[in-house]
Structure formats: C-alpha cells, structure tokens
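Quick notes on the structure that follows.
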Amino acid sequence: MEKYDITGMSCAACVARVEKAVLGVPSVKSCSVNLLTNSMSVEGEAKSEDIINAVFKAGYGASLANGKKNEGQEKKPLSDTETPRLRKRLIYSVGFLIALMYVSMGYTMWGFPLPSFFENNQIAVGLLQMLLSGILLIINQKFFVSGFKSLIKGSPNMDTLVALGSGVSYGYSVVCLFLMTKGEHLLHDLYFESAGMILVLITVGKMLEAISKGKTTNALKELMSLKPRSATVIVNGVEKEIDADQIKKGDIFIVKSGGVIPTDATVIEGQGAIDESALTGESLPCDKTVEEKIYAGTILRSGFIKCRAEASSEETVLSEIIRTVSDSASSKAPIARVADKVSGVFVPVVITIAVITTVIWLLAGQSVGYALARGISVLVISCPCALGLATPVAIMVGNGVGARRGILFKNATALENAGKAKTVVLDKTGTITVGKPIVTDIIPYGMSENQLLRYAYSLEKKSEHPLALAIVDKAEETGIEALEIDNFTVLLGNGVSCTLENETIVGGSYKHISTITEIDRSEFERLSKDGKTPLYFTKGSELVGIIAVRDEIKTDSCEAISELKKMGMHVVMLTGDNENSANAIGKQVGVSEVISGVMPKDKERVVAELKKQGSVIMVGDGINDAPALTEADIGIAIGQGTQIAIESAQVVLMNNSLMDAVKAIKLSRATLRNIYQNLFWAFIYNIIGIPLAAGAFIALLGWELNPMFGALAMSLSSFCVVTNALRLNLIKLEKENKKMLFKKKEAGIVLSVEGMMCPHCEARVKKAVEEIEGVERAEPNHKKNTVAVFGSCDINKVKEVIAKEGYTVK
C-alpha cells in the first residue's frame with residue numbers, strides 16, 4: 001500500500017472526486033482518501049506517476065508521502081501550515097471588511113460621516129464599496145481559483161459554492177452600479193458587503209476548523225515527539241554520542257537517570273525504574289534489571305543501565321505504534337461510505353437547488369435582487385465539508401485516546417466494529433490467567449516425589465509448553481538435576497515423550513495417557529474440580545505419578561469479565577483444558593459460557609461457529625490464537641503475547657491486562673456514538689438550512705435568511721463537528737473500575753509492598769497470604785505496589801508471610 005499527500009481538497013466532494021479518479025486508473029484495487037489529514041492510501045500495482053497524473057487531471061495535487069513535493073520542498077510530518085496562512089489572510093480581510101461595512105451600512109443606513117466628496121454622490125459611494133469588496137475578493141482569491149477550477153473540470157466543491165455565492169453578489173452589484181449612472185437609485189440594492197462578508201466569515205470558520213483539526217492529531221504528534229534525538233553508545237570502550245537514528249542492532253549503549261531510551265534493547269548491566277507511560281498508559285515506573293526488555297521513547301527515571309540494542313530506530317515498538325496510529329487515521333471506516341455517496345452528488349444538487357430557487361422567486365414576482373439573495377443564501381449555507389469531516393475527525397481523536405492508554409487500533413474499521421460485537425471469546429492461558437502456571441501437587445506412584453519430579457523435569461525441559469515450564473521452574477527451585485534423554489518427541493495436543501534408561505517416558509493429558517495404561521479417574525476429577533490441570537507420567541506402560549499445575553488468574557480478570565457482561569456481551573472462555581478444570585476456572589471468573597477441550601487447530605472453527613450468532617471479538621496472546629484472531633470479526637491481541645498473535649489482530653493492547661480489552665470496546669462504542677452525532681448534525685444542518693435559505697419558511701413562519709448569516713452558519717458547521725469529536729478526549733474509560741476498586745479497598749486492608757515485579761510475584765504473594773487462617777482473599781498489584789487483604793486476621797502475620805516471600809512491607 002502506497003501513501004500520498006493530496007493538496008487542493010476543501011470538502012467531502014473533493015474526496016469523492018479524487019477517489020473516483022484514482023479508482024479509474026488500471027491496476028488500482030482500492031483507494032481511501034482522508035480529508036482530515038489530506039492523505040490517500042492506494043492498493044494495487046499501478047505506477048505512482050499514473051496515480052499522481054489522475055489526481056492532477058481531477059483538479060488536485062498529489063505527491064508520494066514523505067517524498068519531495070513538486071516544488072522541491074520537504075513536508076514536515078503533521079506540521080500545521082494552514083492555520084498561520086489563514087490567520088494572516090483573515091487579519092487583512094477583517095481590516096478591509098470593517099472599512100467596507102462602515103461605508104455600506106454605517107453611511108447608507110445609519111448616517112456615519114464620510115469625506116464631503118461622497119456626500120450626495122451615490123455612484124462614488126458605490127465605487128468605493130466595489131473597490132473595498134474587490135480587494136477582499138483578491139485577498140481571498142483561493143476560493144475563486146479552487147472553486148471555478150473544480151467547476152470547469154466537472155467536480156464542483158465547497159469552494160465552488162462560496163465562489164458562486166460571493167461572485168454572484170459582486171457581479172449583481174456591479175450591474176446595479178452601472179444602472180445607477182443612468183440615474184436609478186439603487187444604492188440600497190448593492191450586495192458588495194455580502195460578497196465580502198461571505199468570504200470573511202467562511203475564512204473565520206476555516207481557521208477555527210484548522211485549529212480544531214490540529215488538535216485531533218495531538219496524540220500522534222506527542223508519540224512522534226517521544227522519538228529520542230541522541231544515544232550514548234560504547235565504541236571500543238569509549239562513550240560516544242550519536243544521532244538515535246544511527247543506532248544499529250547489536251550496539252551497546254548506556255542511559256543515565258533522566259535519559260530517554262533510544263531504541264528497543266535488553267539490559268545487560270545495571271538496573272533502574274523505567275517510565276513506560278507514553279507507550280502503555282501505566283503511570284507507575286517499572287523496575288528493570290539484567291536480561292529484561294526496554295523500549296524506545298521510555299524514560300529512565302532513576303538508576304543507570306547498559307543495554308544491547310535489539311532494533312534500529314525504524315524497527316522499534318514506538319515506531320510501529322506511530323505507523324499503526326497514522327495508518328488507522330488514514331483509513332476509512334465503513335460508516336464513512338454513507339457520507340461519501342452523498343458528498344459525491346451534494347454540490348451539483350445544491351447548485352441546481354440555488355438556480356431553481358432564484359427562478360421560482362423571479363416567477364413569483366420578486367425583484368432580481370431578492371431572488372438572487374435567496375439563491376446565494378442556498379449556496380453559502382450548504383456545507384459538504386461537515387459531511388466529509390464527520391467520520392475522520394472522530395476516528396483520529398478516538399485513535400489518539402486509545403494510543404495514550406496503550407490501546408492500538410490498526411484501522412478505522414476495527415475502531416468502528418469493536419463496539420458492535422455482542423460476543424467476546426477469551427483465550428484462557430495468558431489472557432484470563434497469568435500464563436505462567438505453578439506446580440501445586442506432586443503425587444508419585446512407586447517412587448519418591450523427587451524421583452518423579454526428576455523424570456518429569458528431564459522430559460519437560462525440552463518442551464516450550466507453559467505447563468512444562470511450571471515443572472521446570474519447580475525442579476530448578478528444588479535443586480533437582482535433569483537426566484540425559486533421547487528421542488524427545490512432541491505429541492501435538494497430547495503431551496511429550498522420550499527415551500530414558502532404556503524405557504519410554506511419556507507425559508501428557510489424562511485422555512492420552514489413559515490410552516497407554518489404566519488410570520483411576522477419581523484423582524483426575526478431584527484435581528480438576530479445584531481448577532488444576534493434572535499431568536500424567538508413565539514409564540513404559542506403568543503410571544509413575546501425577547503432577548498437578550494451576551495457572552493463577554490475573555488480578556483484574558474477574559472485574560473485566562463482570563464489566564463485559566454489564567455491557568451486554570456474551571463472554572466465552574475458550575481453552576484446551578479438560579472440562580472439569582475449565583469449568584472450575586470459568587465459574588471462578590464468571591464467564592457466560594465455557595468451551596473446553598479445544599485443540600489449537602480447532603479454535604478457528606469454534607470462532608467461525610460463534611460468528612453465525614453475530615459479530616465476535618476474540619482476545620488472545622499466543623501462537624495458537626493467531627488463526628482464531630484472524631477468523632474473528634475483531635481480533636484483540638494482548639501486547640505481551642507473541643508477535644504472530646499481534647500481527648494477526650486488528651487491535652493490540654500494550655498492557656497485559658484484560659481490563660484494557662474492556663476499555664477498547666468502550667472507546668469503540670464512544671467513538672461510534674460520536675460519529676453518529678457528527679453525521680446527524682451534518683445531515684440535519686443541511687436538511688434544515690437549505691430550505692430555510694431558499695425561503696421555504698417565509699410564508700409559513702416569516703423566517704428569512706440573509707446570505708451573510710448563511711455564510712456564518714456554514715463556517716460554524718464544520719467547526720462544531722470537529723469540536724464535538726474533540727470531546728472524546730474527555731472520556732473516562734477507567735472511571736467505573738476505580739470506583740469498584742475503591743469499594744473493595746474499603747472492605748479490607750491495603751498494604752504497601754515493594755519488590756513485586758510481575759504477575760508471577762503477585763501469584764506467590766496471593767498464595768502465601770490466602771493460606772493464613774482468617775484471610776478470605778488477597779489481591780496483590782505489582783504495578784501499584786499494593787496488596788489488598790480481605791477477612792479477619794492478624795495483620796502482623798500477613799506482613800511476616802509477605803516478608804518471607806522476599807518482599808518488603810512498608
């Protein structure tokens with residue numbers, strides 16, 4: 001997909017014209033033009049020269065994005081060059097308009113003084129008005145150049161309406177001025193002030209619109225400003241400062257307290273507190289030490305670290321976020337097509353209505369001046385620009401709000417459709433749960449616990465499955481050494497096997513192991529009902545033991561699922577776990593439905609079946625989830641999940657929190673409401689305004705619209721649409737969550753605990769505290785460094801237990 005910058009567009013009619021022209025180029029598959037960013041995305045095999053020529057023939061300018069423009073000047077990304085130009089033009093315009101209004105209304109209506117030369121000399125007064133009005137036309141010639149150029153090319157736009165309205169007013173007044181030379185008293189029939197006022201009021205609206213449009217890109221500008229300018233690299237043992245853009249993968253660099261991380265990297269020496277709020281929205285700094293990942297654009301608040309670069313400046317997570325937000329803002333939401341269809345015929349229809357209005361009033365016996373005033377009012381009150389901005393401004397602001405909270409929508413379609421879904425499917429491991437199971441039970445048969453653990457460790461050490469890692473962690477904590485194995489084999493979806501001491505060792509699920517040897521089901525059911533996953537191990541054809549593991553539920557999963565259900569969503573948990581274990585977890589977190597025993601390859605099929613009942617959101621984080629994420633109407637990937645999952649999803653959550661999926665859906669719904677409001681305003685404004693300007697309410701209600709008030713209304717309509725979109729910045733996605741958390745805190749005791757670094761730490765503290773007699777439940781939060789304890793117990797005992805786990809209670 002190629003990106004282009006477009007110049008000369010002024011309204012939605014221009015968008016429709018450019019898209020039509022580009023889609024007519026052979027080999028162009030799709031084209032999306034954005035009025036807000038004056039950009040265009042084109043898919044296909046067509047040459048860029050052919051596309052640029054097609055845009056030029058349609059009456060507009062085009063150049064490859066980030067490339068050189070025709071005049072040889074480089075475009076700064078998101079630089080606001082329009083507002084300063086409009087401001088300068090407006091200052092000159094207002095000065096001459098004041099003089100024009102003084103002559104046309106102050107002198108002729110209220111008797112304000114003029115030099116004696118003009119007294120009793122109506123032609124001289126008329127000539128002065130024509131001169132002042134003509135200067136205003138020259139200052140604002142852009143409307144006429146763009147408007148008539150588009151009209152000649154058969155693609156009239158908003159500038160055409162303004163140019164016709166002002167031009168007809170000026171032309172009619174010039175004719176009246178010539179008739180005055182024959183002695184006719186037509187000074188009060190001149191419309192020079194209307195011709196000038198229309199231009200000035202439209203310019204005022206354009207400037208307000210430009211200022212507001214500039215604010216819609218603030219989030220993207222803030223992200224771009226995060227890009228570091230320099231980096232301190234180590235070259236032959238010597239510190240050297242270079243441009244951050246020059247840093248390469250593998251370079252060693254240092255960051256001191258207060259410094260900005262220049263690229264994605266791994267800490268190889270030192271430690272420090274990293275502020276990642278700009279990327280994730282998380283306000284508290286995150287402690288980083290050796291072997292941990294850090295990201296470009298984040299800030300080292302305290303400490304000193306030496307790091308190894310893992311990416312160039314253009315391959316960082318920050319750069320990817322900027323590209324995602326920018327591409328999403330440039331894409332077109334499905335709902336925008338409604339406005340596009342209307343905009344394509346809007347201006348020609350308005351011109352036709354204006355002509356018909358003028359003719360009808362002339363046939364009704366009104367004067368030429370009165371009939372023209374009605375026609376001109378129709379021209380200048382009509383606003384296709386509001387229609388064109390209704391959707392893209394809301395999409396841009398919504399994207400910015402999401403980006404600031406670590407929620408990335410890859411395109412406008414995702415932002416629109418996420419709020420429409422009625423079913424949300426949640427992968428269990430890594431989404432609802434922490435994704436790092438721990439061993440809870442070791443049950444040997446005919447051998448000691450350590451011997452069973454040694455066999456299991458030797459087998460599972462080569463496996464990358466999360467359940468296997470739990471056994472590996474337990475063995476390494478215990479200090480057990482692995483035995484040499486041969487013929488390691490992964491039994492996809494069932495377990496693993498190897499050869500050890502000339503015997504075949506197999507570890508796997510109850511279903512698979514029961515095909516090898518006879519197993520008592522009672523132990524399986526007991527462990528499963530507790531939400532544990534039992535792993536069976538055989539030596540030859542003999543069962544040698546069971547190791548049960550359990551994946552701890554994330555601290556915010558229950559709250560997130562509760563919120564989803566309050567929003568009217570059907571929440572489905574999808575897992576490969578056995579039925580009993582899955583139902584235990586499902587009951588604990590409160591999902592609406594549990595689908596268990598699903599093999600990785602079958603997740604896509606399950607999602608496809610659920611889609612038959614309506615739009616589906618899939619939330620997941622692993623390689624196994626990628627097909628399901630793609631199959632779902634909207635795929636949401638947890639940011640700390642695998643790269644494949646992230647690439648398969650339309651929405652990416654930078655935080656590893658299910659609550660952010662709730663926020664994404666809320667934000668989508670709020671953005672969709674805002675789009676509907678904007679479109680309603682844009683349509684209703686024109687539906688009411690055009691008949692009012694045409695004089696349809698004169699006989700009924702006596703309402704008559706002066707062309708100048710029509711121009712004022714037109715200038716404010718687009719401003720109102722953009723301002724309404726900016727209200728999305730005020731949305732409080734976390735409000736309800738904070739209230740719920742506060743209520744929970746009121747019911748228990750909250751301790752300040754230092755040292756918790758990750759969800760695994762939370763799981764250790766939670767397990768230790770909940771084993772204390774009298775404790776109903778514990779809710780650790782490593783991000784906020786707190787542990788909320790509920791129940792009736794000795795608080796000193798709680799502090800002692802937490803301290804034993806290696807954490808500090810403050």
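Chain labels run A, B, ... following the order of the structure tokens; each chain numbers its residues from 1, and ligands are numbered from 1 in the order shown.
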- Message: Which of region 90-333 of chain A end up as strand (DSSP E or B) when DSSP is run on this backbone - answer as a count of residues only?
- Response: 45
- Item | Contacts of region 50-64 of chain A at 10 Å (only C-alpha atoms; same-chain gap of 4+ positions) as a ChimeraX atom specification | /A:2-9,14,17-26,28,38-40,42,46,68-70,146,149-155
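Proximity to Ala693 (chain A) at 7 Å, evaluated using only C-alpha atoms and with sequence-adjacent residues fewer than 4 positions away removed, yields Arg374, Ser377, Val378, Gly689 and Leu705 of chain A.
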Could those residues be written to a file, using C-alpha atoms, as a PDB file, in the first residue's frame?
```pdb
ATOM      1  CA  ARG A 374     -32.361  33.568  -1.831  1.00  0.00           C
ATOM      2  CA  SER A 377     -28.178  32.018   0.642  1.00  0.00           C
ATOM      3  CA  VAL A 378     -28.694  28.441  -0.550  1.00  0.00           C
ATOM      4  CA  GLY A 689     -30.567  25.024   6.385  1.00  0.00           C
ATOM      5  CA  LEU A 705     -32.191  34.243   5.875  1.00  0.00           C
TER       6      LEU A 705
END
```
- Task: Report as number ranges by chain: the residues of region 38-172 of chain A with a DSSP assignment of alpha helix (DSSP H), based on the backbone of this structure.
- Result: A: 48-57, 82-101, 122-139, 141-152, 158-172
- Query: Excluding same-chain residues fewer than 2 positions from Val589 (chain A), what lies within 9 Å of it counting only C-alpha atoms, as a VMD selection string?
  - Reply: chain A and resid 432 553 557 to 559 561 to 562 584 to 587 591
Write the residues you've just listed into a file as a compact mmCIF listing (two decimals), in the first residue's frame, and include all heavy atoms for each of them.
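To be explicit, this is the file written out as again-v1.txt:
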```txt
# COMPACT_ATOMS: atom_id res chain seq x y z
N ILE A 432 -6.98 -14.67 30.46
CA ILE A 432 -7.68 -14.64 31.75
C ILE A 432 -6.71 -14.93 32.88
O ILE A 432 -6.77 -14.33 33.95
CB ILE A 432 -8.83 -15.68 31.76
CG1 ILE A 432 -9.91 -15.27 30.75
CG2 ILE A 432 -9.43 -15.82 33.16
CD1 ILE A 432 -11.04 -16.27 30.62
N ILE A 553 -5.14 -16.83 38.19
CA ILE A 553 -6.00 -15.87 37.49
C ILE A 553 -5.44 -14.47 37.70
O ILE A 553 -5.01 -14.11 38.80
CB ILE A 553 -7.44 -15.96 38.02
CG1 ILE A 553 -8.03 -17.33 37.66
CG2 ILE A 553 -8.31 -14.85 37.43
CD1 ILE A 553 -9.33 -17.62 38.35
N SER A 557 -9.01 -9.97 36.01
CA SER A 557 -9.83 -10.74 35.08
C SER A 557 -11.30 -10.80 35.49
O SER A 557 -12.19 -10.63 34.66
CB SER A 557 -9.27 -12.16 34.94
OG SER A 557 -8.05 -12.14 34.22
N CYS A 558 -11.56 -11.06 36.77
CA CYS A 558 -12.94 -11.15 37.24
C CYS A 558 -13.67 -9.82 37.02
O CYS A 558 -14.82 -9.79 36.57
CB CYS A 558 -12.97 -11.52 38.72
SG CYS A 558 -12.34 -13.17 39.08
N GLU A 559 -12.98 -8.74 37.34
CA GLU A 559 -13.58 -7.42 37.17
C GLU A 559 -13.85 -7.11 35.70
O GLU A 559 -14.91 -6.58 35.33
CB GLU A 559 -12.65 -6.36 37.76
CG GLU A 559 -13.23 -4.95 37.76
CD GLU A 559 -12.27 -3.94 38.35
OE1 GLU A 559 -11.24 -4.35 38.93
OE2 GLU A 559 -12.53 -2.74 38.22
N ILE A 561 -14.33 -9.29 33.21
CA ILE A 561 -15.42 -10.12 32.69
C ILE A 561 -16.76 -9.62 33.21
O ILE A 561 -17.76 -9.60 32.48
CB ILE A 561 -15.18 -11.60 33.09
CG1 ILE A 561 -13.99 -12.14 32.30
CG2 ILE A 561 -16.42 -12.45 32.86
CD1 ILE A 561 -13.44 -13.46 32.80
N SER A 562 -16.78 -9.17 34.46
CA SER A 562 -18.01 -8.60 35.00
C SER A 562 -18.43 -7.35 34.22
O SER A 562 -19.61 -7.16 33.91
CB SER A 562 -17.79 -8.24 36.48
OG SER A 562 -18.91 -7.55 37.01
N ALA A 584 -14.14 -25.09 36.41
CA ALA A 584 -13.75 -24.52 37.71
C ALA A 584 -13.23 -23.10 37.53
O ALA A 584 -13.61 -22.18 38.28
CB ALA A 584 -12.68 -25.40 38.36
N ILE A 585 -12.36 -22.89 36.51
CA ILE A 585 -11.84 -21.55 36.24
C ILE A 585 -12.97 -20.63 35.75
O ILE A 585 -13.10 -19.48 36.19
CB ILE A 585 -10.72 -21.60 35.18
CG1 ILE A 585 -9.53 -22.41 35.68
CG2 ILE A 585 -10.28 -20.19 34.79
CD1 ILE A 585 -8.77 -21.78 36.81
N GLY A 586 -13.82 -21.16 34.85
CA GLY A 586 -14.92 -20.38 34.31
C GLY A 586 -15.87 -19.90 35.38
O GLY A 586 -16.33 -18.75 35.37
N LYS A 587 -16.17 -20.78 36.34
CA LYS A 587 -17.06 -20.41 37.45
C LYS A 587 -16.41 -19.35 38.33
O LYS A 587 -17.07 -18.42 38.80
CB LYS A 587 -17.39 -21.66 38.26
CG LYS A 587 -18.40 -21.41 39.37
CD LYS A 587 -18.72 -22.70 40.11
CE LYS A 587 -19.73 -22.45 41.23
NZ LYS A 587 -20.05 -23.70 41.96
N VAL A 591 -17.53 -16.29 33.63
CA VAL A 591 -17.85 -16.18 32.21
C VAL A 591 -19.25 -16.74 31.94
O VAL A 591 -19.80 -17.51 32.73
CB VAL A 591 -16.81 -16.93 31.33
CG1 VAL A 591 -15.46 -16.29 31.45
CG2 VAL A 591 -16.76 -18.41 31.71
```
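Among A:Thr433, A:Asn417, A:Gln141, A:Gln122, the residue with the shortest atom-to-atom distance to Thr203 (chain A), counting only C-alpha atoms, is A:Gln141.
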